[in-house]
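For reference, the structure discussed in these notes is given below.
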Amino acid sequence: MVVCVAAVLARSMIADSTDASKSLTRIAFGSCNHQNRPQPLWPAIAEYNPELFIWLGDVVYNDIHLIAFFFRENALDLMEANYRKQKLHEGYQLLLNTKATIIGTWVRVVSQNLTIHT
């Protein structure tokens with residue numbers, strides 16, 4: 001389902017800047033990316049020169065307990081800082097500097113360490 005929705009979105013997003021009759025031939029996918037860990041795949045992804053890159057989830061990890069996170073005054077600032085760190089990552093910049101359209105979805109997986117009482 002995600003791939004179908006992504007394909008429709010991608011088609012409409014790139015139609016403005018490219019020939020709409022041309023099919024996409026190079027699509028790359030990514031997920032489970034941690035902004036504080038090594039990210040050795042970006043050079044290979046950028047070298048592949050995708051026309052479309054789809055984040056399938058977890059662009060960054062905001063690894064803190066969910067309930068505690070949302071009650072912190074600066075929770076959104078922390079999330080923004082994690083996304084900013086990823087965007088400025090030297091390897092990811094290689095992809096950003098290609099002509100790839102980048103789209104994605106947001107996924108929130110609750111930490112295994114979090115106990116939810118019902």
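Naming works like this for the structure tokens: A, B, ... for the chains as they're shown, residue 1 at the start of each chain, ligands 1 onward in shown order.
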
>> Please extract the residues of segment 43-107 of chain A with a backbone DSSP assignment of helix (DSSP H, G or I) and present them as a PyMOL selection string.
In response: chain A and resi 43-48+66-70+75-87+90-96

>> Show me, as number ranges by chain, the residues that have an atom within 7 Å of segment 47-57 of chain A when counting only C-alpha atoms, minus same-chain residues fewer than 6 positions from it.
In response: A: 24, 26-32, 98-107

>> Need the shell around Asn62 of chain A: protein/DNA/RNA residues with any atom at most 9 Å away, counting only C-alpha atoms. Skip same-chain ones fewer than 6 positions apart. Format as a PyMOL selection string?
In response: chain A and resi 34+69+78-79+82

Emit the selected residues as a PDB file, in the first residue's frame, including C-alpha atoms.
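Output (out_32.pdb):
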```pdb
ATOM      1  CA  HIS A  34      19.777   6.689  12.910  1.00  0.00           C
ATOM      2  CA  PHE A  69       8.894  12.945  25.322  1.00  0.00           C
ATOM      3  CA  LEU A  78      14.558  18.055  20.126  1.00  0.00           C
ATOM      4  CA  MET A  79      12.781  16.469  17.165  1.00  0.00           C
ATOM      5  CA  ASN A  82      17.437  15.460  15.101  1.00  0.00           C
TER       6      ASN A  82
END
```

>> Please report the interatomic distance between atom CA of Thr25 of chain A and atom CA of Tyr92 of chain A in Å with one decimal.
In response: 21.2 Å
